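Some notes on the structure that comes next.
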Amino acid sequence: MSQLLEIKGLRAGVEEKELLHGVNLSVGAGETHVLMGPNGAGKSTLGSVIMGSPEYEVTSGSIFFEGEDITEESADKRAKRGLFLSFQNPVEISGISLSEFLRNALEQITGKHMKLWDFKKKLKAAMEILGMDSAYADRDLNAGFSGGEKKKAEILQLLILEPKLAILDETDSGLDVDAVKTVSAGIEEYRKRTGGTLIVITHNTKILEALNVDKTHILAAGKVVTEGDGTLVEDVLENGFERYINGGK
Amino acid sequence: MKEKTQVEDIDRSLYDFRYEEDESNYLGSGITAEIIREISEEKNDTEWMREFRLRSMEIYNRTPMVEWGPSIEGLDVDNIVTYIRTKSRMSNDWEEVPEDVKDTFEKLGIPQAERESLAGVGAQYDSELVYHNVRKEVAESGVVYTDLESAMHDERYAEMIRSHFMKLVPPTDHKFAALHGAVWSGGSFVYVPRGVKLEIPLQSYFRLNARGAGQFEHTLIILEEDSYLHFIEGCSAPKYYEAGLHAGCVELYVGKNATLRYSTIENWSKNMYNLNTKRALVDEGGKIEWVSGSFGSHVSYLYPMSILNGRGARAEFTGITFAGEGQNLDTGAKIVHNAPDTSSYMNTKSISKSGGISTFRSAVTVNEKAVGSKSAVSCESLMLDRISRSDTIPVMDIRTDKADVGHEARIGRISDETVFYLMSRGLSEEEAKAMIVRGFADNVSKELPLEYAVEMNNLIGLEMKGSIG
């Protein structure tokens with residue numbers, strides 16, 4: 001098993017409603033995968049289920065990470081293994097500063113105490129890559145951040161926590177051209193520095209420009225209907241999802 | 001299946017140590033005239049105080065039980081040993097304090113706290129002050145910080161005490177104020193002369209030790225014109241199986257243009273009935289700042305009151321209440337605007353978990369003459385699970401059109417999404433929830449002196465332990 005992430009026959013949903021109807025997905029270490037599909041196809045659900053969201057119940061199938069079954073594991077244990085999810089709508093937490101939160105998270109993940117001074121240096125460097133005002137470090141986590149700043153803060157966390165696998169859930173949505181560029185630079189930096197693996201959920205090519213896409217998966221109605229290489233993205237954007245969804249029949 | 005942690009009882013071992021009581025020290029149960037006389041005898045009360053106690057006892061006996069708040073049926077006043085004789089006399093020297101008393105305080109960190117720049121320690125052990133020490137510079141500035149009993153016999157303060165004692169909270173106020181008037185024992189007297197601004201806070205640490213003992217300490221603070229004082233009151237009590245009662249009384253007189261900051265962290269054991277009465281009278285241009293953290297006790301009734309009696313007087317109240325399993329904490333504040341251009345600001349947070357009930361109760365009264373006054377009340381509640389409860393009962397009585405009054409209330413539950421977000425960054429469920437609660441309480445901890453903020457964060461950590469069911 002050389003795959004970093006291996007999903008087999010995954011069925012999951014909320015209460016009585018099944019949202020993922022047997023998803024299979026393999027992601028090799030160091031690869032970049034793109035997950036596309038029409039609204040409501042289950043892309044975000046899949047991302048959340050991989051991360052271990054308690055909102056969804058897995059009814060059958062398995063998720064393997066580095067060959068180990070993590071299907072029943074809590075999100076914090078998955079994070080410690082090296083999984084990361086950039087949220088589409090990051091939550092706001094008042095009274096806890098971005099810096100305090102991130103240092104805490106880093107210490108949890110690495111299991112090592114980090115000197116405040118060293119951490120601040122690391123944080124400052126990462127914030128510079130993303131063109132974030134250093135004042136954001138002392139602001140309450142995501143509280144009152146604009147949509148763009150929230151997304152940048154997610155990528156900032158990616159750069160600090162350096163996971164093995166990062167799922168980026170529509171990190172580019174709602175961002176202006178410049179912000180997409182900045183965020184992309186952050187993602188590129190993460191790739192360059194760690195050789196980390198990516199699953200990018202997106203509707204656009206902008207964010208993918210600097211990335212070398214290895215594989216594209218098209219999800220429709222809770223199933224992977226088509227898979228292909230990087231060129232599939234262009235194809236979908238030109239011709240729409242329709243032919244793949246119907247063509248898959 | 002997701003991993004689950006069993007609900008555990010909160011680890012209070014830090015606070016739950018206790019020494020065996022010598023039975024001969026009890027004067028007996030209940031509050032009869034005989035006991036009151038014995039207390040007076042023991043205290044060497046002045047004549048007016050003897051009469052005051054007996055009169056309060058009569059008021060107590062004819063005043064009906066409080067019925068409008070959380071149930072206090074479990075409280076059997078007749079079975080509460082109301083008074084325990086002191087084991088030792090007052091001491092200004094740590095060396096003279098008896099070993100077991102000393103050890104209890106060592107565990108609570110009192111001597112360390114003192115070393116760390118706290119101005120003086122007036123710690124109440126059982127019902128008497130046993131250790132009392134005001135730093136030299138504090139004494140030299142003319143500030144008086146002593147126990148009420150000895151101050152009453154000091155001719156310099158006797159009249160001052162007589163004219164202020166239970167004038168703000170008269171025994172007729174409610175049943176437990178009457179009880180307090182009858183059996184009060186121990187507590188602090190602080191007098192800050194005109195123009196003196198004390199930089200370092202004064203601290204007292206109250207603690208109940210005897211099983212079933214009620215504690216009725218009295219705090220009387222008088223600030224003269226243009227003075228400043230920060231007084232810190234911290235409470236914790238060991239755990240018992242019988243109901244314990246705390247019916248203390250705090251009376252604060254804030255002179256013209258003076259500022260008094262009064263901070264409290266209460267952490268009574270979970271079988272205590274905390275029926276404390278606190279009140280401040282603020283003169284022209286003066287200010288009272290309350291910082292109040294309520295963590296312990298089985299049932300609490302606690303509503304510090306500020307009476308803004310002179311033009312431009314101000315009151316600020318910052319409070320946090322944390323009700324866990326088996327706790328019903330009814331807390332809040334009262335403000336009376338009694339003069340023009342007065343202002344008040346109330347900001348409270350309450351947290352309930354594991355079936356705990358937290359009720360915020362406030363009363364803002366703006367009298368006719370209080371034209372140009374402002375009042376803002378903001379209360380926020382956070383419920384950590386579906387079995388806990390949070391209520392908000394704000395009352396406003398506005399008798400003038402020329403006042404600016406606002407109220408804001410928010411009640412919420414800790415969201416699964418937020419917990420998941422933090423967990424996806426490597427925090428365990430418990431750590432994630434503790435972080436959310438710490439963030440929620442942040443504006444209160446910011447108001448506390450550093451060592452108390454640390455203690456409060458530790459308390460939140462303790463309260464959150466095993467909170468995942």
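By order of appearance in the structure tokens: chains A, B, ..., then residues from 1 within every chain, and ligands from 1 in the order shown.
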Non-local contacts of Asn39 in chain A (10 Å; only C-alpha atoms; under 5 positions in same chain excluded) as a list of chain:residue names
A:Ser44, A:His203, A:Leu219, A:Ala220, A:Ala221
Keeping only C-alpha atoms, write those residues as a PDB file, in the first residue's frame.
ATOM      1  CA  SER A  44     -17.584  19.333   1.124  1.00  0.00           C
ATOM      2  CA  HIS A 203     -14.789  25.499  -9.268  1.00  0.00           C
ATOM      3  CA  LEU A 219     -18.164  13.831  -7.891  1.00  0.00           C
ATOM      4  CA  ALA A 220     -21.874  13.808  -8.663  1.00  0.00           C
ATOM      5  CA  ALA A 221     -24.737  12.833  -6.409  1.00  0.00           C
TER       6      ALA A 221
END
Please check the contacts: residues of chain B at most 8 Å away from chain A, using only C-alpha atoms, listed as a list in words.
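Only these qualify: Met1, Lys2, Glu3, Asp416, Glu417, Thr418, Phe420, Tyr421, Met423, Ser424, Arg425, Gly426, Leu427, Ser428, Glu429, Met435, Ile436, Arg438, Gly439, Phe440, Ala441, Asp442 and Asn443 of chain B.
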Please provide as a ChimeraX atom specification all residues within 7 Å of Asn274 in chain B, with the sequence filter that same-chain residues fewer than 6 positions apart are discarded (counting only C-alpha atoms).
/B:245-247,297,299-301
Hey, can you spit out that residue selection with C-alpha atoms as a CSV table (one decimal), in the first residue's frame?
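File written: again-v6.csv
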chain,number,residue,atom,x,y,z
B,245,LEU,CA,-24.2,28.2,54.5
B,246,HIS,CA,-22.4,31.4,53.7
B,247,ALA,CA,-24.3,34.6,54.5
B,297,SER,CA,-21.6,26.5,45.8
B,299,VAL,CA,-27.1,27.4,45.3
B,300,SER,CA,-26.1,31.0,45.0
B,301,TYR,CA,-28.1,34.2,45.4
For Gly186 in chain A, which of A:Lys43, A:Arg243, A:Lys151, A:His21 is the closest residue, counting only C-alpha atoms?
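Between A:Lys43, A:Arg243, A:Lys151, A:His21, the residue approaching Gly186 in chain A most closely is A:Lys151.
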If DSSP is run on the backbone, what residues of range 153-219 of chain B are strand (DSSP E or B)? A reply as a PDB file with N, CA and C atoms, in the first residue's frame would be ideal.
ATOM      1  N   GLY B 187     -14.171  39.094  59.546  1.00  0.00           N
ATOM      2  CA  GLY B 187     -14.287  39.978  58.393  1.00  0.00           C
ATOM      3  C   GLY B 187     -13.278  41.110  58.475  1.00  0.00           C
ATOM      4  N   SER B 188     -13.415  42.003  57.546  1.00  0.00           N
ATOM      5  CA  SER B 188     -12.400  43.045  57.437  1.00  0.00           C
ATOM      6  C   SER B 188     -12.973  44.443  57.593  1.00  0.00           C
ATOM      7  N   PHE B 189     -12.130  45.311  58.094  1.00  0.00           N
ATOM      8  CA  PHE B 189     -12.458  46.734  58.116  1.00  0.00           C
ATOM      9  C   PHE B 189     -11.327  47.460  57.395  1.00  0.00           C
ATOM     10  N   VAL B 190     -11.707  48.229  56.373  1.00  0.00           N
ATOM     11  CA  VAL B 190     -10.697  48.992  55.641  1.00  0.00           C
ATOM     12  C   VAL B 190     -11.120  50.455  55.605  1.00  0.00           C
ATOM     13  N   TYR B 191     -10.177  51.306  55.954  1.00  0.00           N
ATOM     14  CA  TYR B 191     -10.443  52.742  55.890  1.00  0.00           C
ATOM     15  C   TYR B 191      -9.322  53.396  55.094  1.00  0.00           C
ATOM     16  N   VAL B 192      -9.697  54.069  54.009  1.00  0.00           N
ATOM     17  CA  VAL B 192      -8.690  54.745  53.193  1.00  0.00           C
ATOM     18  C   VAL B 192      -8.914  56.252  53.325  1.00  0.00           C
ATOM     19  N   LYS B 197      -4.087  56.965  47.456  1.00  0.00           N
ATOM     20  CA  LYS B 197      -4.350  56.015  46.374  1.00  0.00           C
ATOM     21  C   LYS B 197      -3.430  54.825  46.565  1.00  0.00           C
ATOM     22  N   LEU B 202      -5.383  45.069  48.266  1.00  0.00           N
ATOM     23  CA  LEU B 202      -5.505  44.380  49.548  1.00  0.00           C
ATOM     24  C   LEU B 202      -6.271  43.098  49.286  1.00  0.00           C
ATOM     25  N   GLN B 203      -5.855  42.049  49.956  1.00  0.00           N
ATOM     26  CA  GLN B 203      -6.483  40.766  49.686  1.00  0.00           C
ATOM     27  C   GLN B 203      -6.968  40.084  50.957  1.00  0.00           C
ATOM     28  N   SER B 204      -8.111  39.488  50.866  1.00  0.00           N
ATOM     29  CA  SER B 204      -8.553  38.653  51.980  1.00  0.00           C
ATOM     30  C   SER B 204      -8.938  37.298  51.412  1.00  0.00           C
ATOM     31  N   TYR B 205      -8.747  36.290  52.186  1.00  0.00           N
ATOM     32  CA  TYR B 205      -9.054  34.963  51.683  1.00  0.00           C
ATOM     33  C   TYR B 205      -9.972  34.288  52.698  1.00  0.00           C
ATOM     34  N   PHE B 206     -11.192  34.029  52.294  1.00  0.00           N
ATOM     35  CA  PHE B 206     -12.134  33.427  53.228  1.00  0.00           C
ATOM     36  C   PHE B 206     -12.221  31.928  53.010  1.00  0.00           C
ATOM     37  N   ARG B 207     -12.419  31.268  54.084  1.00  0.00           N
ATOM     38  CA  ARG B 207     -12.432  29.828  53.965  1.00  0.00           C
ATOM     39  C   ARG B 207     -13.203  29.234  55.131  1.00  0.00           C
ATOM     40  N   ALA B 213     -20.577  24.369  59.288  1.00  0.00           N
ATOM     41  CA  ALA B 213     -20.474  25.707  59.847  1.00  0.00           C
ATOM     42  C   ALA B 213     -20.936  26.759  58.854  1.00  0.00           C
ATOM     43  N   GLY B 214     -21.684  27.713  59.325  1.00  0.00           N
ATOM     44  CA  GLY B 214     -22.058  28.839  58.483  1.00  0.00           C
ATOM     45  C   GLY B 214     -20.979  29.885  58.624  1.00  0.00           C
ATOM     46  N   GLN B 215     -20.842  30.674  57.646  1.00  0.00           N
ATOM     47  CA  GLN B 215     -19.845  31.726  57.765  1.00  0.00           C
ATOM     48  C   GLN B 215     -20.515  33.068  57.529  1.00  0.00           C
ATOM     49  N   HIS B 218     -18.152  39.840  57.887  1.00  0.00           N
ATOM     50  CA  HIS B 218     -18.613  41.176  57.494  1.00  0.00           C
ATOM     51  C   HIS B 218     -17.441  42.005  56.976  1.00  0.00           C
ATOM     52  N   THR B 219     -17.641  42.589  55.803  1.00  0.00           N
ATOM     53  CA  THR B 219     -16.599  43.447  55.243  1.00  0.00           C
ATOM     54  C   THR B 219     -17.124  44.878  55.178  1.00  0.00           C
TER      55      THR B 219
END
Contacts of Lys181 in chain A at 12 Å (only C-alpha atoms; same-chain gap of 5+ positions) as a VMD selection string:
chain A and resid 129 to 131 148 152 171 to 172 175 to 176 186 to 188 205 to 210
Could the residues in this selection be saved with N, CA and C atoms as a CSV table (one decimal), in the first residue's frame?
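Listing of selection_4.csv after writing:
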chain,number,residue,atom,x,y,z
A,129,ILE,N,4.4,35.8,3.8
A,129,ILE,CA,4.2,35.1,2.6
A,129,ILE,C,2.7,35.4,2.1
A,130,LEU,N,1.8,35.5,3.1
A,130,LEU,CA,0.4,35.7,2.7
A,130,LEU,C,0.0,37.2,2.8
A,131,GLY,N,1.0,38.1,3.0
A,131,GLY,CA,0.7,39.5,3.0
A,131,GLY,C,-0.3,39.9,4.1
A,148,GLY,N,-11.9,37.1,2.8
A,148,GLY,CA,-10.5,36.9,2.3
A,148,GLY,C,-9.5,36.6,3.4
A,152,LYS,N,-7.1,33.4,4.1
A,152,LYS,CA,-5.7,33.6,4.3
A,152,LYS,C,-5.3,32.9,5.6
A,171,THR,N,-11.2,27.0,-1.1
A,171,THR,CA,-10.4,28.1,-0.5
A,171,THR,C,-10.4,29.4,-1.3
A,172,ASP,N,-10.6,29.2,-2.6
A,172,ASP,CA,-10.6,30.3,-3.6
A,172,ASP,C,-12.0,31.0,-3.7
A,175,LEU,N,-13.0,35.0,-3.3
A,175,LEU,CA,-11.8,35.8,-3.3
A,175,LEU,C,-11.6,36.6,-4.5
A,176,ASP,N,-11.1,37.8,-4.4
A,176,ASP,CA,-10.8,38.6,-5.6
A,176,ASP,C,-9.5,38.1,-6.2
A,186,GLY,N,0.8,30.9,-1.1
A,186,GLY,CA,0.9,30.2,0.2
A,186,GLY,C,0.8,28.7,0.0
A,187,ILE,N,-0.1,28.2,-0.9
A,187,ILE,CA,-0.2,26.8,-1.1
A,187,ILE,C,1.0,26.3,-1.8
A,188,GLU,N,1.6,27.0,-2.7
A,188,GLU,CA,2.8,26.7,-3.4
A,188,GLU,C,3.9,26.5,-2.4
A,205,THR,N,-9.9,27.5,-12.1
A,205,THR,CA,-8.5,27.0,-12.4
A,205,THR,C,-7.5,27.9,-11.8
A,206,LYS,N,-7.9,29.2,-11.5
A,206,LYS,CA,-7.0,30.2,-11.0
A,206,LYS,C,-6.1,29.6,-9.9
A,207,ILE,N,-6.7,29.0,-8.9
A,207,ILE,CA,-5.9,28.5,-7.8
A,207,ILE,C,-5.0,27.3,-8.2
A,208,LEU,N,-5.3,26.7,-9.3
A,208,LEU,CA,-4.5,25.5,-9.7
A,208,LEU,C,-3.3,25.9,-10.6
A,209,GLU,N,-3.3,27.1,-11.1
A,209,GLU,CA,-2.3,27.5,-12.0
A,209,GLU,C,-0.8,27.2,-11.7
A,210,ALA,N,-0.5,27.4,-10.4
A,210,ALA,CA,0.8,27.2,-10.0
A,210,ALA,C,1.0,25.7,-9.5
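CA of Arg261 in chain B lies 10.9 Å from CA of Thr318 in chain B.
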Would you mind reading off the distance between CA of Pro170 in chain B and CA of Glu251 in chain B, one decimal, in Å?
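Interatomic distance, CA of Pro170 in chain B to CA of Glu251 in chain B: 10.3 Å.
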So that I can check the secondary structure, give me every residue of range 61-162 of chain A assigned alpha helix (DSSP H) by backbone DSSP, as a ChimeraX atom specification.
/A:75-81,98-110,116-129,147-161
Write out, as a short mmCIF file (atom, residue, chain, number, x, y, z; two decimals), in the first residue's frame, the residues just selected, with N, CA and C atoms.
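Saved file again_8.cif follows:
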data_model
loop_
_atom_site.label_atom_id
_atom_site.label_comp_id
_atom_site.auth_asym_id
_atom_site.auth_seq_id
_atom_site.Cartn_x
_atom_site.Cartn_y
_atom_site.Cartn_z
N ALA A 75 -11.39 13.69 15.16
CA ALA A 75 -10.70 14.65 14.30
C ALA A 75 -9.32 15.02 14.83
N ASP A 76 -9.20 15.15 16.16
CA ASP A 76 -7.90 15.56 16.71
C ASP A 76 -6.83 14.50 16.46
N LYS A 77 -7.24 13.22 16.50
CA LYS A 77 -6.26 12.15 16.25
C LYS A 77 -5.84 12.18 14.79
N ARG A 78 -6.79 12.44 13.91
CA ARG A 78 -6.46 12.52 12.48
C ARG A 78 -5.51 13.69 12.22
N ALA A 79 -5.78 14.82 12.93
CA ALA A 79 -4.91 15.99 12.76
C ALA A 79 -3.50 15.64 13.20
N LYS A 80 -3.41 14.86 14.26
CA LYS A 80 -2.08 14.48 14.76
C LYS A 80 -1.37 13.54 13.79
N ARG A 81 -2.14 12.80 13.01
CA ARG A 81 -1.54 11.93 11.99
C ARG A 81 -1.03 12.73 10.79
N LEU A 98 -5.55 34.52 17.33
CA LEU A 98 -5.09 33.63 16.26
C LEU A 98 -3.75 33.01 16.67
N SER A 99 -2.87 33.83 17.21
CA SER A 99 -1.55 33.38 17.60
C SER A 99 -1.59 32.34 18.73
N GLU A 100 -2.39 32.64 19.74
CA GLU A 100 -2.53 31.74 20.89
C GLU A 100 -3.09 30.39 20.45
N PHE A 101 -4.11 30.46 19.60
CA PHE A 101 -4.74 29.25 19.10
C PHE A 101 -3.76 28.41 18.28
N LEU A 102 -3.04 29.08 17.39
CA LEU A 102 -2.18 28.36 16.48
C LEU A 102 -0.98 27.73 17.20
N ARG A 103 -0.48 28.42 18.20
CA ARG A 103 0.63 27.87 18.98
C ARG A 103 0.17 26.62 19.74
N ASN A 104 -1.03 26.74 20.30
CA ASN A 104 -1.63 25.62 21.01
C ASN A 104 -1.80 24.42 20.08
N ALA A 105 -2.34 24.70 18.88
CA ALA A 105 -2.57 23.63 17.90
C ALA A 105 -1.25 22.98 17.49
N LEU A 106 -0.25 23.81 17.24
CA LEU A 106 1.05 23.29 16.81
C LEU A 106 1.66 22.38 17.89
N GLU A 107 1.53 22.81 19.14
CA GLU A 107 2.07 22.01 20.23
C GLU A 107 1.32 20.69 20.39
N GLN A 108 0.01 20.74 20.13
CA GLN A 108 -0.79 19.50 20.21
C GLN A 108 -0.35 18.54 19.12
N ILE A 109 -0.16 19.07 17.93
CA ILE A 109 0.15 18.23 16.78
C ILE A 109 1.56 17.66 16.86
N THR A 110 2.50 18.51 17.23
CA THR A 110 3.89 18.02 17.29
C THR A 110 4.19 17.35 18.63
N LEU A 116 7.92 30.70 22.88
CA LEU A 116 7.07 31.77 22.34
C LEU A 116 7.81 32.58 21.28
N TRP A 117 9.06 32.88 21.57
CA TRP A 117 9.86 33.69 20.65
C TRP A 117 10.01 32.99 19.30
N ASP A 118 10.36 31.69 19.34
CA ASP A 118 10.53 30.91 18.11
C ASP A 118 9.23 30.84 17.32
N PHE A 119 8.15 30.64 18.07
CA PHE A 119 6.85 30.54 17.40
C PHE A 119 6.50 31.86 16.71
N LYS A 120 6.74 32.95 17.42
CA LYS A 120 6.40 34.27 16.85
C LYS A 120 7.17 34.53 15.57
N LYS A 121 8.40 34.09 15.55
CA LYS A 121 9.22 34.26 14.34
C LYS A 121 8.64 33.48 13.18
N LYS A 122 8.31 32.23 13.49
CA LYS A 122 7.73 31.34 12.49
C LYS A 122 6.42 31.92 11.95
N LEU A 123 5.60 32.41 12.87
CA LEU A 123 4.31 32.96 12.50
C LEU A 123 4.47 34.21 11.62
N LYS A 124 5.40 35.05 12.01
CA LYS A 124 5.63 36.30 11.29
C LYS A 124 6.05 36.00 9.85
N ALA A 125 6.97 35.03 9.70
CA ALA A 125 7.46 34.67 8.37
C ALA A 125 6.31 34.17 7.49
N ALA A 126 5.45 33.34 8.07
CA ALA A 126 4.33 32.79 7.31
C ALA A 126 3.33 33.88 6.94
N MET A 127 3.13 34.81 7.86
CA MET A 127 2.18 35.89 7.58
C MET A 127 2.69 36.79 6.46
N GLU A 128 4.00 36.93 6.38
CA GLU A 128 4.57 37.75 5.32
C GLU A 128 4.31 37.14 3.94
N ILE A 129 4.43 35.83 3.85
CA ILE A 129 4.17 35.15 2.58
C ILE A 129 2.74 35.44 2.11
N GLY A 147 -14.00 37.82 4.47
CA GLY A 147 -13.95 36.49 3.86
C GLY A 147 -12.54 36.14 3.40
N GLY A 148 -11.88 37.12 2.78
CA GLY A 148 -10.53 36.91 2.27
C GLY A 148 -9.53 36.65 3.39
N GLU A 149 -9.65 37.43 4.49
CA GLU A 149 -8.73 37.25 5.60
C GLU A 149 -8.91 35.89 6.26
N LYS A 150 -10.15 35.44 6.29
CA LYS A 150 -10.42 34.12 6.88
C LYS A 150 -9.71 33.03 6.09
N LYS A 151 -9.79 33.14 4.76
CA LYS A 151 -9.17 32.13 3.91
C LYS A 151 -7.65 32.19 4.04
N LYS A 152 -7.13 33.41 4.13
CA LYS A 152 -5.69 33.55 4.32
C LYS A 152 -5.27 32.93 5.65
N ALA A 153 -6.11 33.14 6.66
CA ALA A 153 -5.80 32.58 7.98
C ALA A 153 -5.79 31.05 7.92
N GLU A 154 -6.63 30.47 7.06
CA GLU A 154 -6.63 29.01 6.90
C GLU A 154 -5.31 28.55 6.30
N ILE A 155 -4.86 29.27 5.27
CA ILE A 155 -3.60 28.89 4.62
C ILE A 155 -2.41 29.15 5.56
N LEU A 156 -2.57 30.18 6.40
CA LEU A 156 -1.55 30.45 7.41
C LEU A 156 -1.41 29.23 8.33
N GLN A 157 -2.53 28.68 8.72
CA GLN A 157 -2.52 27.48 9.57
C GLN A 157 -1.86 26.31 8.85
N LEU A 158 -2.14 26.20 7.54
CA LEU A 158 -1.53 25.15 6.72
C LEU A 158 0.00 25.28 6.75
N LEU A 159 0.47 26.51 6.63
CA LEU A 159 1.91 26.75 6.61
C LEU A 159 2.57 26.48 7.96
N ILE A 160 1.86 26.75 9.02
CA ILE A 160 2.43 26.55 10.35
C ILE A 160 2.35 25.08 10.77
N LEU A 161 1.21 24.45 10.49
CA LEU A 161 1.01 23.08 10.97
C LEU A 161 1.67 22.03 10.06
#
Find the residues near range 342-358 of chain B: any atom within 8 Å, counting only C-alpha atoms, skip ones fewer than 6 places away on the same chain, and give them as a VMD selection string.
chain B and resid 308 310 to 333 335 370 372 to 385 387 to 391 437 440 to 441 467
So, counting only C-alpha atoms, which residue among A:Gly196, A:Gly67, A:Gly144, A:Gly230 is closest to Glu31 in chain A?
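Closest residue, counting only C-alpha atoms: A:Gly196.
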